[in-house]
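K.L.:
Sharing data.cif (mmCIF, C-alpha atoms) below.
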data_data
#
loop_
_atom_site.label_atom_id
_atom_site.label_comp_id
_atom_site.auth_asym_id
_atom_site.auth_seq_id
_atom_site.Cartn_x
_atom_site.Cartn_y
_atom_site.Cartn_z
CA MET K 507 -15.02 -11.48 3.73
CA PRO K 508 -14.54 -12.24 7.46
CA PHE K 509 -15.36 -9.17 9.56
CA VAL K 510 -11.94 -9.24 11.23
CA LEU K 511 -10.39 -8.28 7.88
CA TYR K 512 -12.25 -4.96 7.97
CA LEU K 513 -10.84 -4.29 11.43
CA LEU K 514 -7.37 -5.10 10.12
CA GLY K 515 -8.20 -2.56 7.41
CA LEU K 516 -9.01 -0.10 10.23
CA ALA K 517 -5.48 -0.62 11.58
CA VAL K 518 -4.08 0.00 8.08
CA PHE K 519 -6.21 3.17 7.98
CA ALA K 520 -4.59 4.36 11.22
CA GLN K 521 -1.13 3.55 9.87
CA GLY K 522 -1.78 5.29 6.56
CA THR K 523 -3.08 8.33 8.41
CA SER K 524 0.08 8.39 10.53
CA GLU K 525 2.29 8.15 7.44
CA PHE K 526 0.65 11.04 5.55
CA MET K 527 -0.80 13.33 8.23
CA LEU K 528 2.44 15.15 9.07
CA SER K 529 2.12 17.20 5.88
CA GLY K 530 -0.53 19.27 7.68
CA LEU K 531 1.15 19.26 11.10
CA LEU K 532 4.76 20.25 10.35
CA PRO K 533 4.48 24.00 11.15
CA ASP K 534 2.83 23.24 14.51
CA ILE K 535 5.47 20.61 15.36
CA ALA K 536 8.29 22.96 14.41
CA ARG K 537 6.92 25.74 16.64
CA ASP K 538 6.22 23.45 19.58
CA LEU K 539 9.62 21.71 19.55
CA HIS K 540 11.56 24.86 18.55
CA ILE K 541 13.11 23.27 15.46
CA PRO K 542 13.43 24.41 11.83
CA ILE K 543 10.65 23.37 9.46
CA ALA K 544 13.20 21.34 7.48
CA ALA K 545 14.00 19.29 10.61
CA ALA K 546 10.30 18.70 11.12
CA GLY K 547 10.13 17.51 7.51
CA GLY K 548 12.76 14.93 8.43
CA LEU K 549 10.07 13.14 10.43
CA THR K 550 8.32 12.27 7.16
CA SER K 551 11.57 11.11 5.55
CA ALA K 552 12.35 8.94 8.60
CA PHE K 553 9.00 7.17 8.30
CA ALA K 554 9.44 6.59 4.57
CA ALA K 555 12.97 5.24 5.05
CA GLY K 556 11.76 2.88 7.77
CA MET K 557 9.03 1.56 5.49
CA VAL K 558 11.40 0.97 2.54
CA ILE K 559 14.29 -0.55 4.45
CA GLY K 560 12.31 -2.32 7.11
CA ALA K 561 9.46 -3.98 5.22
CA PRO K 562 11.09 -7.40 4.64
CA LEU K 563 13.03 -7.42 7.93
CA PRO K 564 10.13 -7.42 10.43
CA ALA K 565 8.33 -9.97 8.24
CA LEU K 566 11.41 -12.21 8.33
CA LEU K 567 11.70 -11.88 12.10
CA SER K 568 8.01 -12.74 12.53
CA LEU K 569 8.31 -16.12 10.80
CA ARG K 570 8.96 -17.83 14.15
CA TRP K 571 5.72 -16.45 15.58
CA SER K 572 2.09 -17.27 15.00
CA ARG K 573 0.32 -14.69 12.87
CA ARG K 574 -1.74 -13.53 15.84
CA ARG K 575 1.38 -12.93 17.91
CA ALA K 576 3.10 -11.12 15.04
CA LEU K 577 0.09 -8.89 14.33
CA LEU K 578 -0.29 -8.03 18.03
CA THR K 579 3.40 -7.30 18.45
CA PHE K 580 3.57 -4.97 15.48
CA LEU K 581 0.27 -3.20 16.16
CA VAL K 582 0.82 -2.71 19.90
CA THR K 583 4.31 -1.39 19.17
CA PHE K 584 2.83 1.02 16.64
CA LEU K 585 0.22 2.14 19.17
CA LEU K 586 2.71 2.66 22.01
CA VAL K 587 5.23 4.67 20.01
CA HIS K 588 2.41 7.04 19.00
CA VAL K 589 1.58 7.51 22.68
CA LEU K 590 5.26 8.22 23.32
CA GLY K 591 5.37 10.62 20.38
CA ALA K 592 2.29 12.42 21.70
CA VAL K 593 3.91 13.16 25.09
CA THR K 594 7.61 13.65 24.32
CA PRO K 595 9.09 17.18 24.35
CA HIS K 596 12.23 16.02 22.53
CA TYR K 597 12.70 16.03 18.75
CA GLY K 598 15.19 13.13 18.87
CA VAL K 599 12.68 10.91 20.66
CA LEU K 600 9.93 11.86 18.23
CA LEU K 601 12.23 11.08 15.30
CA ALA K 602 13.01 7.66 16.78
CA THR K 603 9.31 6.92 17.25
CA ARG K 604 8.71 7.63 13.56
CA VAL K 605 11.33 5.08 12.53
CA VAL K 606 9.98 2.43 14.94
CA ALA K 607 6.40 3.17 13.85
CA ALA K 608 7.40 2.66 10.21
CA LEU K 609 9.07 -0.68 10.99
CA ALA K 610 5.98 -1.81 12.92
CA ASN K 611 3.71 -0.57 10.13
CA ALA K 612 5.69 -2.45 7.48
CA GLY K 613 5.75 -5.65 9.51
CA PHE K 614 2.05 -5.44 10.32
CA LEU K 615 1.05 -4.91 6.70
CA ALA K 616 3.19 -7.82 5.52
CA VAL K 617 1.68 -10.24 8.05
CA ALA K 618 -1.82 -8.77 7.61
CA LEU K 619 -1.68 -9.43 3.86
CA ALA K 620 -0.72 -13.05 4.51
CA THR K 621 -3.41 -13.37 7.20
CA ALA K 622 -6.13 -11.81 5.04
CA THR K 623 -5.44 -14.06 2.07
CA SER K 624 -5.31 -17.15 4.30
CA MET K 625 -8.68 -16.32 5.90
CA ALA K 626 -10.35 -15.58 2.55
CA ALA K 627 -11.36 -18.16 -0.05
CA PRO K 628 -8.50 -19.44 -2.23
CA ASP K 629 -9.80 -17.46 -5.22
CA ALA K 630 -10.44 -14.23 -3.29
CA LYS K 631 -6.95 -12.91 -2.62
CA GLY K 632 -7.69 -9.79 -4.64
CA ARG K 633 -10.77 -8.94 -2.58
CA ALA K 634 -8.91 -9.60 0.67
CA THR K 635 -6.06 -7.37 -0.49
CA SER K 636 -8.48 -4.60 -1.45
CA VAL K 637 -9.99 -4.58 2.06
CA LEU K 638 -6.58 -3.83 3.56
CA LEU K 639 -5.43 -1.36 0.91
CA GLY K 640 -8.81 0.32 1.17
CA GLY K 641 -7.65 1.44 4.61
CA THR K 642 -4.77 3.33 3.00
CA THR K 643 -7.04 5.06 0.50
CA MET K 644 -9.50 6.04 3.23
CA ALA K 645 -6.57 7.53 5.14
CA CYS K 646 -6.10 9.90 2.19
CA VAL K 647 -9.82 10.69 2.04
CA ALA K 648 -10.63 11.09 5.74
CA GLY K 649 -7.64 10.40 7.99
CA VAL K 650 -5.26 13.06 6.75
CA PRO K 651 -7.85 15.90 6.69
CA ALA K 652 -9.08 14.79 10.13
CA GLY K 653 -5.52 14.83 11.46
CA ALA K 654 -5.02 18.35 10.12
CA LEU K 655 -8.29 19.46 11.70
CA LEU K 656 -7.34 17.97 15.08
CA GLY K 657 -3.99 19.74 14.83
CA GLU K 658 -5.73 23.06 14.28
CA LEU K 659 -8.18 22.55 17.16
CA TRP K 660 -6.03 20.92 19.86
CA GLY K 661 -2.46 20.83 18.56
CA TRP K 662 -0.44 18.22 16.68
CA ARG K 663 -0.22 15.88 19.69
CA SER K 664 -3.98 15.24 19.53
CA ALA K 665 -3.52 13.69 16.06
CA PHE K 666 -0.99 11.23 17.49
CA TRP K 667 -3.41 10.31 20.30
CA ALA K 668 -6.18 9.79 17.73
CA VAL K 669 -4.03 7.37 15.69
CA ALA K 670 -3.31 5.37 18.84
CA LEU K 671 -7.01 5.24 19.81
CA VAL K 672 -8.14 4.14 16.34
CA SER K 673 -5.71 1.20 16.57
CA VAL K 674 -7.34 -0.19 19.74
CA PRO K 675 -10.36 -1.92 18.07
CA ALA K 676 -7.99 -3.76 15.72
CA VAL K 677 -5.95 -4.98 18.70
CA LEU K 678 -9.11 -6.41 20.28
CA ALA K 679 -10.21 -7.95 16.98
CA ILE K 680 -6.88 -9.74 16.59
CA LEU K 681 -7.12 -11.11 20.13
CA TRP K 682 -10.65 -12.42 19.54
CA SER K 683 -10.73 -13.44 15.89
CA VAL K 684 -7.28 -14.36 14.54
CA PRO K 685 -6.49 -18.01 15.35
CA ALA K 686 -3.59 -18.56 17.76
CA ASP K 687 -2.13 -21.31 15.58
CA PRO K 688 1.45 -22.25 16.38
CA ALA K 689 3.98 -20.89 13.91
CA PRO K 690 5.21 -23.53 11.45
CA ARG K 691 8.95 -23.88 12.11
CA SER K 692 9.59 -25.73 8.90
CA VAL K 693 8.04 -26.54 5.55
CA GLU K 694 8.74 -29.93 4.00
CA GLY K 695 11.77 -30.43 6.23
CA SER K 696 13.37 -27.01 5.57
CA PRO K 697 13.44 -24.06 7.96
CA ARG K 698 10.48 -21.79 7.20
CA ALA K 699 12.59 -18.69 6.55
CA ARG K 700 14.81 -20.56 4.09
CA THR K 701 11.76 -22.02 2.36
CA GLU K 702 10.12 -18.61 1.95
CA LEU K 703 13.34 -16.98 0.73
CA ARG K 704 13.78 -19.74 -1.84
CA ALA K 705 10.21 -19.21 -3.06
CA LEU K 706 10.95 -15.53 -3.71
CA ARG K 707 13.39 -16.36 -6.51
CA SER K 708 10.57 -16.64 -9.03
CA PRO K 709 11.23 -14.36 -12.07
CA ARG K 710 7.49 -13.71 -12.32
CA LEU K 711 7.46 -12.47 -8.72
CA VAL K 712 10.39 -10.12 -9.38
CA VAL K 713 8.59 -8.69 -12.42
CA LEU K 714 5.42 -8.11 -10.42
CA LEU K 715 7.36 -6.31 -7.67
CA LEU K 716 9.08 -4.05 -10.21
CA LEU K 717 5.77 -3.27 -11.88
CA GLY K 718 4.25 -2.40 -8.50
CA ALA K 719 7.14 -0.05 -7.69
CA LEU K 720 6.87 1.74 -11.06
CA VAL K 721 3.07 2.14 -10.93
CA ASN K 722 3.15 3.38 -7.33
CA GLY K 723 6.04 5.69 -8.20
CA ALA K 724 3.93 7.26 -10.94
CA THR K 725 1.02 7.67 -8.52
CA PHE K 726 2.98 9.38 -5.76
CA CYS K 727 5.02 11.49 -8.18
CA ALA K 728 1.84 13.20 -9.35
CA LEU K 729 0.15 13.23 -5.92
CA THR K 730 3.12 14.78 -4.10
CA TYR K 731 3.17 17.84 -6.36
CA LEU K 732 -0.59 18.15 -6.80
CA ALA K 733 -0.92 21.33 -4.69
CA PRO K 734 1.40 23.56 -6.76
CA LEU K 735 -0.02 22.11 -9.99
CA VAL K 736 -3.66 22.92 -9.20
CA THR K 737 -2.90 26.34 -7.74
CA GLU K 738 -0.27 27.59 -10.19
CA VAL K 739 -1.38 25.89 -13.43
CA THR K 740 -5.08 25.04 -13.05
CA GLY K 741 -5.89 28.20 -11.11
CA PHE K 742 -7.64 26.80 -8.03
CA ASP K 743 -7.36 28.69 -4.75
CA GLU K 744 -5.23 27.09 -2.03
CA SER K 745 -8.39 26.42 0.00
CA TRP K 746 -9.38 23.87 -2.67
CA VAL K 747 -6.33 21.67 -2.13
CA PRO K 748 -7.73 19.47 0.70
CA ALA K 749 -10.92 18.85 -1.30
CA LEU K 750 -8.91 17.96 -4.41
CA LEU K 751 -6.76 15.54 -2.42
CA ALA K 752 -9.94 13.99 -1.03
CA LEU K 753 -11.33 13.68 -4.58
CA PHE K 754 -8.22 11.75 -5.62
CA GLY K 755 -8.62 9.62 -2.50
CA LEU K 756 -12.26 8.86 -3.31
CA GLY K 757 -11.18 7.72 -6.76
CA ALA K 758 -8.48 5.58 -5.17
CA PHE K 759 -11.03 3.95 -2.85
CA ALA K 760 -13.33 3.24 -5.79
CA GLY K 761 -10.40 1.77 -7.73
CA VAL K 762 -9.31 -0.48 -4.88
CA SER K 763 -12.86 -1.69 -4.27
CA THR K 764 -13.59 -2.41 -7.93
CA GLY K 765 -10.12 -3.73 -8.69
CA GLY K 766 -10.28 -6.08 -5.72
CA ARG K 767 -13.24 -7.90 -7.27
CA LEU K 768 -11.83 -7.99 -10.79
CA ALA K 769 -8.32 -8.93 -9.65
CA ASP K 770 -9.42 -12.46 -8.75
CA ALA K 771 -11.44 -13.23 -11.85
CA ARG K 772 -9.81 -11.19 -14.64
CA PRO K 773 -6.45 -9.81 -13.44
CA VAL K 774 -4.71 -9.93 -16.82
CA ARG K 775 -7.60 -8.18 -18.56
CA LEU K 776 -7.61 -5.50 -15.87
CA LEU K 777 -3.85 -4.95 -16.22
CA VAL K 778 -3.90 -5.04 -20.04
CA ILE K 779 -6.65 -2.40 -20.14
CA GLY K 780 -5.68 -0.46 -17.03
CA GLY K 781 -1.97 -0.08 -17.83
CA PRO K 782 -2.37 1.73 -21.17
CA ALA K 783 -5.30 3.69 -19.71
CA LEU K 784 -2.98 4.90 -16.93
CA LEU K 785 -0.42 6.07 -19.48
CA ALA K 786 -3.08 7.85 -21.53
CA GLY K 787 -4.49 9.39 -18.35
CA TRP K 788 -1.19 10.86 -17.17
CA ILE K 789 -0.51 12.31 -20.63
CA THR K 790 -4.01 13.78 -20.81
CA SER K 791 -3.64 15.20 -17.29
CA ALA K 792 -0.43 16.98 -18.31
CA LEU K 793 -1.96 18.38 -21.48
CA THR K 794 -5.20 19.58 -19.84
CA ALA K 795 -3.80 20.73 -16.47
CA GLY K 796 -4.91 24.29 -17.21
CA ASN K 797 -8.58 23.25 -17.50
CA PRO K 798 -10.36 23.11 -14.10
CA VAL K 799 -13.19 20.81 -15.25
CA ALA K 800 -10.82 18.32 -16.89
CA THR K 801 -8.60 18.38 -13.80
CA LEU K 802 -11.52 17.57 -11.50
CA VAL K 803 -12.60 14.64 -13.65
CA LEU K 804 -9.09 13.30 -14.13
CA LEU K 805 -8.22 13.50 -10.43
CA PHE K 806 -10.97 10.99 -9.66
CA VAL K 807 -10.26 8.83 -12.71
CA MET K 808 -6.51 8.69 -12.14
CA GLY K 809 -6.98 7.87 -8.46
CA ALA K 810 -9.25 4.98 -9.46
CA LEU K 811 -6.99 3.67 -12.24
CA SER K 812 -3.78 3.99 -10.21
CA PHE K 813 -5.07 2.07 -7.22
CA ALA K 814 -7.03 -0.49 -9.25
CA VAL K 815 -3.86 -1.44 -11.16
CA GLY K 816 -1.64 -1.15 -8.08
CA SER K 817 -3.84 -3.32 -5.85
CA THR K 818 -4.16 -5.91 -8.62
CA LEU K 819 -0.37 -6.16 -8.86
CA VAL K 820 -0.19 -6.65 -5.07
CA SER K 821 -2.76 -9.44 -5.21
CA GLN K 822 -0.84 -11.08 -8.05
CA VAL K 823 2.32 -10.95 -5.91
CA LEU K 824 0.43 -12.87 -3.22
CA TYR K 825 -0.82 -15.42 -5.77
CA ALA K 826 2.72 -15.84 -7.09
CA ALA K 827 4.24 -16.09 -3.59
CA THR K 828 2.05 -18.71 -1.95
CA GLY K 829 5.28 -20.48 -1.01
CA ALA K 830 6.31 -17.30 0.84
CA PRO K 831 3.06 -15.71 2.09
CA THR K 832 4.64 -13.53 4.79
CA LEU K 833 7.81 -12.48 2.99
CA GLY K 834 5.80 -12.01 -0.21
CA GLY K 835 3.67 -9.46 1.62
CA GLY K 836 6.81 -7.87 3.06
CA PHE K 837 8.45 -7.48 -0.33
CA ALA K 838 5.19 -6.17 -1.83
CA THR K 839 5.11 -3.53 0.93
CA ALA K 840 8.74 -2.66 0.24
CA ALA K 841 8.14 -2.36 -3.51
CA LEU K 842 5.21 -0.01 -3.00
CA ASN K 843 7.26 2.19 -0.70
CA VAL K 844 10.24 2.18 -3.04
CA GLY K 845 7.85 3.59 -5.62
CA ALA K 846 6.46 6.09 -3.09
CA ALA K 847 10.00 7.34 -2.46
CA LEU K 848 11.31 7.12 -6.04
CA GLY K 849 8.36 8.88 -7.71
CA PRO K 850 8.47 12.13 -5.70
CA TRP K 851 12.28 12.25 -6.04
CA CYS K 852 12.03 11.96 -9.83
CA GLY K 853 9.26 14.56 -9.90
CA GLY K 854 11.32 16.94 -7.79
CA ALA K 855 14.32 16.47 -10.06
CA ALA K 856 12.13 17.33 -13.06
CA LEU K 857 10.92 20.49 -11.34
CA THR K 858 14.49 21.70 -10.73
CA THR K 859 15.13 21.63 -14.49
CA GLY K 860 12.63 24.43 -15.02
CA LEU K 861 10.07 22.30 -16.87
CA GLY K 862 7.22 23.77 -14.83
CA TYR K 863 4.62 22.24 -12.55
CA ARG K 864 3.35 19.89 -15.26
CA ALA K 865 6.71 18.09 -15.19
CA PRO K 866 5.74 15.56 -12.46
CA LEU K 867 2.80 14.44 -14.61
CA TRP K 868 5.15 13.77 -17.51
CA VAL K 869 7.42 11.84 -15.14
CA SER K 870 4.38 9.79 -14.04
CA ALA K 871 3.68 9.05 -17.70
CA LEU K 872 7.31 8.00 -18.22
CA LEU K 873 7.29 5.65 -15.20
CA THR K 874 4.03 4.10 -16.44
CA ALA K 875 5.51 3.68 -19.91
CA LEU K 876 8.53 1.89 -18.39
CA ALA K 877 6.12 -0.42 -16.56
CA LEU K 878 4.34 -1.23 -19.82
CA VAL K 879 7.65 -1.93 -21.59
CA LEU K 880 8.71 -4.21 -18.72
CA ALA K 881 5.35 -6.01 -18.79
CA GLY K 882 5.67 -6.47 -22.57
CA LEU K 883 9.17 -7.94 -22.27
CA ALA K 884 8.02 -10.19 -19.45
CA HIS K 885 5.13 -11.42 -21.59
CA VAL K 886 7.49 -12.25 -24.43
CA MET K 887 9.72 -14.13 -21.98
CA ARG K 888 6.62 -15.74 -20.38
CA VAL K 889 7.41 -14.54 -16.85
CA GLY K 890 4.83 -11.75 -16.56
CA PRO K 891 1.60 -11.48 -14.56
CA GLY K 892 -0.62 -14.52 -14.88
CA THR K 893 -4.23 -15.15 -14.17
CA ALA K 894 -5.51 -16.04 -10.73
CA PRO K 895 -7.15 -19.41 -10.28
CA ARG K 896 -10.83 -19.59 -11.03
CA ARG K 897 -13.41 -22.00 -9.70
CA THR K 898 -14.74 -24.71 -12.01
CA ASP K 899 -16.55 -27.94 -11.42
CA ARG K 900 -13.77 -29.97 -12.97
CA LEU K 901 -10.62 -29.71 -14.99
CA SER K 902 -10.82 -29.19 -18.71
CA PRO K 903 -10.03 -32.42 -20.61
CA THR K 904 -7.04 -30.69 -22.17
CA ASP K 905 -5.61 -29.42 -18.90
CA ASP K 906 -2.62 -30.99 -17.23
CA PRO K 907 -3.80 -32.21 -13.80
CA GLY K 908 -0.60 -30.83 -12.30
CA ALA K 909 -1.30 -27.32 -13.52
CA CYS K 910 -3.28 -26.52 -10.43
CA SER K 911 -0.14 -26.36 -8.32
CA GLY K 912 1.66 -23.84 -10.55
CA ALA K 913 2.61 -20.25 -9.78
CA ALA K 914 -0.42 -19.66 -7.63
CA GLY K 915 0.37 -22.73 -5.56
CA GLU K 916 -3.16 -24.08 -5.35
CA PRO K 917 -3.68 -27.81 -4.76
CA ALA K 918 -4.41 -30.04 -7.71
CA ASP K 919 -7.76 -31.14 -6.35
CA GLY K 920 -9.77 -30.74 -9.52
CA ARG K 921 -11.43 -27.53 -8.36
CA TRP K 922 -8.96 -24.82 -9.35
CA VAL K 923 -7.60 -24.23 -12.80
CA ARG K 924 -5.77 -21.37 -14.53
#
For the structure just supplied, provide its representation as structure tokens.

P.N.:
Amino acid sequence: MPFVLYLLGLAVFAQGTSEFMLSGLLPDIARDLHIPIAAAGGLTSAFAAGMVIGAPLPALLSLRWSRRRALLTFLVTFLLVHVLGAVTPHYGVLLATRVVAALANAGFLAVALATATSMAAPDAKGRATSVLLGGTTMACVAGVPAGALLGELWGWRSAFWAVALVSVPAVLAILWSVPADPAPRSVEGSPRARTELRALRSPRLVVLLLLGALVNGATFCALTYLAPLVTEVTGFDESWVPALLALFGLGAFAGVSTGGRLADARPVRLLVIGGPALLAGWITSALTAGNPVATLVLLFVMGALSFAVGSTLVSQVLYAATGAPTLGGGFATAALNVGAALGPWCGGAALTTGLGYRAPLWVSALLTALALVLAGLAHVMRVGPGTAPRRTDRLSPTDDPGACSGAAGEPADGRWVR
């Protein structure tokens, strides 16, 4: 993988840290700005809303720019609003910076996914995707605890400064390493935006986006309510919670790294095995939540399975959307964040019914089951996830020479087959 992709992953790490770190900073923010804790919690909601609503919009606006210009615009905007957030004494300004940061984050990730897959080999989209999504998982492992620690030592504003500083190397890497190619204004005689929007009508692409939303919803449903589960049901002390979150994050990083390699060569096999394993894992987690040893093991395993399957679905979106590389990344980002918003809401609704702290795990199992049903129906209708192209020396004698330019959009040059 080109080294610049790892620095783009560093930017995604900073953005993931920014998205999740407020959970450990809210009391400090509320005291400093003299606002209720619920108002401080609105900062997290504002970021999530900006990610869900804004993911396709910045990507659409960036289509008239080169990828280097788009990446720089989004990342520098993200950096500057964190500087503003670190110095402002006003809650309203801080709230606005969270919305703008989310829009910039969503736009950056959409263009970064397109850039990463274009700089990688044609059959390495999964690995390129895993490099970027690995930044998000490392944010859970290291970024969020580090942000909480900085908040304790020097106040919540220091965490905002740290996010801005971590983004600087990625800005320099984009300036030096991402080609300043002119933006294509049209594709085959049609405006680029219209061409990409038309390419997004693929039923297979819609199925992949829905599957990504459901799987990510299951992940964040369980993760959001992990603290009360492990303290009230499993019996861990509250001091264990950061370590347990980090354990889940380590599993997620392992899943993204392993899934990224398998997603290019054997995506269908990974999904066919990983999907039912996810369902079985959530059910087992609910049934054994009172056992500390089982909980420790399953936290790592479920982090790995969730992110291996999730990252594979994202890479398959990019294979299916080669006619819309930027908007495909934007819609993939939106789908993941729809799941990240939907899952915790469903888990919270289950908790209000009095079903206990195991309820979010059962909701995660239900969302995963819905994903499996959808995947089964899509398979019957032949619009479900397909295999990525694989390298061969020549086409099989029984292959249609035109098959190479199918859903994955690879050229029929005799080197790539399904």

K.L.:
With stretch 880-887 of chain K as the partner and 12 Å as the cut-off, tabulate the residues of stretch 706-824 of chain K that qualify, each row holding the nearest pair of atoms and their distance in Å to one decimal, using all atoms listed in the file, sorted by chain and rising number, as CSV.

P.N.:
residue,atom,partner,partner_atom,distance
K:Pro709,CA,K:Ala884,CA,9.1
K:Arg710,CA,K:Ala884,CA,8.0
K:Leu711,CA,K:Ala884,CA,11.0
K:Val712,CA,K:Ala884,CA,10.3
K:Val713,CA,K:Ala884,CA,7.2
K:Leu714,CA,K:Ala881,CA,8.6
K:Leu715,CA,K:Ala881,CA,11.3
K:Leu716,CA,K:Leu880,CA,8.5
K:Leu717,CA,K:Ala881,CA,7.4
K:Gly718,CA,K:Ala881,CA,11.0
K:Ala719,CA,K:Leu880,CA,11.9
K:Leu720,CA,K:Leu880,CA,9.9
K:Val721,CA,K:Leu880,CA,11.5
K:Val774,CA,K:Ala881,CA,11.0
K:Leu777,CA,K:Ala881,CA,9.6
K:Val778,CA,K:Ala881,CA,9.4
K:Gly781,CA,K:Ala881,CA,9.5
K:Pro782,CA,K:Ala881,CA,11.2
K:Leu819,CA,K:Ala881,CA,11.5

K.L.:
Convert the output of the PyMOL selection byres ((chain K and resi 853-869) around 9) on the shown file into explicit residues, formatted as a PDB file with C-alpha atoms, in the frame of the given file.

P.N.:
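Wrote it out as part_10.pdb, contents follow:
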ATOM      1  CA  ALA K 724       3.930   7.260 -10.940  1.00  0.00           C
ATOM      2  CA  CYS K 727       5.020  11.490  -8.180  1.00  0.00           C
ATOM      3  CA  ALA K 728       1.840  13.200  -9.350  1.00  0.00           C
ATOM      4  CA  LEU K 729       0.150  13.230  -5.920  1.00  0.00           C
ATOM      5  CA  THR K 730       3.120  14.780  -4.100  1.00  0.00           C
ATOM      6  CA  TYR K 731       3.170  17.840  -6.360  1.00  0.00           C
ATOM      7  CA  LEU K 732      -0.590  18.150  -6.800  1.00  0.00           C
ATOM      8  CA  PRO K 734       1.400  23.560  -6.760  1.00  0.00           C
ATOM      9  CA  LEU K 735      -0.020  22.110  -9.990  1.00  0.00           C
ATOM     10  CA  VAL K 736      -3.660  22.920  -9.200  1.00  0.00           C
ATOM     11  CA  GLU K 738      -0.270  27.590 -10.190  1.00  0.00           C
ATOM     12  CA  VAL K 739      -1.380  25.890 -13.430  1.00  0.00           C
ATOM     13  CA  TRP K 788      -1.190  10.860 -17.170  1.00  0.00           C
ATOM     14  CA  ILE K 789      -0.510  12.310 -20.630  1.00  0.00           C
ATOM     15  CA  SER K 791      -3.640  15.200 -17.290  1.00  0.00           C
ATOM     16  CA  ALA K 792      -0.430  16.980 -18.310  1.00  0.00           C
ATOM     17  CA  LEU K 793      -1.960  18.380 -21.480  1.00  0.00           C
ATOM     18  CA  ALA K 795      -3.800  20.730 -16.470  1.00  0.00           C
ATOM     19  CA  LEU K 848      11.310   7.120  -6.040  1.00  0.00           C
ATOM     20  CA  GLY K 849       8.360   8.880  -7.710  1.00  0.00           C
ATOM     21  CA  PRO K 850       8.470  12.130  -5.700  1.00  0.00           C
ATOM     22  CA  TRP K 851      12.280  12.250  -6.040  1.00  0.00           C
ATOM     23  CA  CYS K 852      12.030  11.960  -9.830  1.00  0.00           C
ATOM     24  CA  SER K 870       4.380   9.790 -14.040  1.00  0.00           C
ATOM     25  CA  ALA K 871       3.680   9.050 -17.700  1.00  0.00           C
ATOM     26  CA  LEU K 872       7.310   8.000 -18.220  1.00  0.00           C
ATOM     27  CA  LEU K 873       7.290   5.650 -15.200  1.00  0.00           C
ATOM     28  CA  THR K 874       4.030   4.100 -16.440  1.00  0.00           C
TER      29      THR K 874
END

K.L.:
Taking the file as I've supplied it (selection: the PyMOL selection byres ((chain K and resi 748-761) around 9)), which residues are included? Please answer as a PyMOL selection string.

P.N.:
chain K and resi 639-648+651+729+732-733+736+744-747+762-766+802+804-815+817

K.L.:
Which one of K:Ala610, K:Leu842, K:Val518, K:Val669 sits closest to K:Ala592 if you count all atoms listed in the file?

P.N.:
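Distance minimum relative to K:Ala592 lands on K:Val669.
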
K.L.:
Quote the spacing between atom CA of K:Ala847 and atom CA of K:Ala612 in Å to one decimal place.

P.N.:
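For atom CA of K:Ala847 relative to atom CA of K:Ala612, the distance reads 14.6 Å.
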
K.L.:
One decimal, in Å: what's the spacing between atom CA of K:Ser708 and atom CA of K:Ala616?

P.N.:
18.5 Å

K.L.:
Atom CA of K:Gly661 to atom CA of K:Ala536: how many Å, to one decimal?

P.N.:
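The value is 11.7 Å.
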
K.L.:
Of the candidates K:Phe519, K:Phe509, K:Trp571, K:Phe553, which shows the shortest atom-to-atom distance to K:Ala608, using all atoms listed in the file?

P.N.:
K:Phe553

K.L.:
Go through K:Ser673, K:Gly653, K:Leu878, K:Thr818 and flag the residue nearest K:His588, using all atoms listed in the file for the distances.

P.N.:
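Under the stated criterion, the closest residue is K:Ser673.
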
K.L.:
I would like the residues chosen by the PyMOL selection byres ((chain K and resi 674) around 10) on the shown file; could you give them as a list in words?

P.N.:
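Evaluating the PyMOL selection byres ((chain K and resi 674) around 10) on this file yields Leu513, Leu516, Ala517, Leu581, Val582, Leu585, Val669, Ala670, Leu671, Val672, Ser673, Pro675, Ala676, Val677, Leu678 and Ala679 of chain K.
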
K.L.:
Output the selection as a PDB file, in the frame of the given file - C-alpha atoms for each residue.

P.N.:
ATOM      1  CA  LEU K 513     -10.840  -4.290  11.430  1.00  0.00           C
ATOM      2  CA  LEU K 516      -9.010  -0.100  10.230  1.00  0.00           C
ATOM      3  CA  ALA K 517      -5.480  -0.620  11.580  1.00  0.00           C
ATOM      4  CA  LEU K 581       0.270  -3.200  16.160  1.00  0.00           C
ATOM      5  CA  VAL K 582       0.820  -2.710  19.900  1.00  0.00           C
ATOM      6  CA  LEU K 585       0.220   2.140  19.170  1.00  0.00           C
ATOM      7  CA  VAL K 669      -4.030   7.370  15.690  1.00  0.00           C
ATOM      8  CA  ALA K 670      -3.310   5.370  18.840  1.00  0.00           C
ATOM      9  CA  LEU K 671      -7.010   5.240  19.810  1.00  0.00           C
ATOM     10  CA  VAL K 672      -8.140   4.140  16.340  1.00  0.00           C
ATOM     11  CA  SER K 673      -5.710   1.200  16.570  1.00  0.00           C
ATOM     12  CA  PRO K 675     -10.360  -1.920  18.070  1.00  0.00           C
ATOM     13  CA  ALA K 676      -7.990  -3.760  15.720  1.00  0.00           C
ATOM     14  CA  VAL K 677      -5.950  -4.980  18.700  1.00  0.00           C
ATOM     15  CA  LEU K 678      -9.110  -6.410  20.280  1.00  0.00           C
ATOM     16  CA  ALA K 679     -10.210  -7.950  16.980  1.00  0.00           C
TER      17      ALA K 679
END

K.L.:
Could you check the closest approach to K:Val823 for each of K:Val558, K:Ile535, K:Leu601, K:Ala838 and tell me which residue wins, using all atoms listed in the file?

P.N.:
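The closest residue to K:Val823 is K:Ala838.
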
K.L.:
Skip K:Ala665 itself and residues of its chain fewer than 2 positions away, then list as a list in words all residues within 10 Å of it, counting all atoms listed in the file.

P.N.:
Thr523, Ser524, Met527, Leu528, Leu531, His588, Ala592, Gly649, Val650, Ala652, Gly653, Ala654, Leu655, Leu656, Gly657, Glu658, Trp660, Gly661, Trp662, Arg663, Trp667, Ala668, Val669, Ala670 and Leu671 of chain K
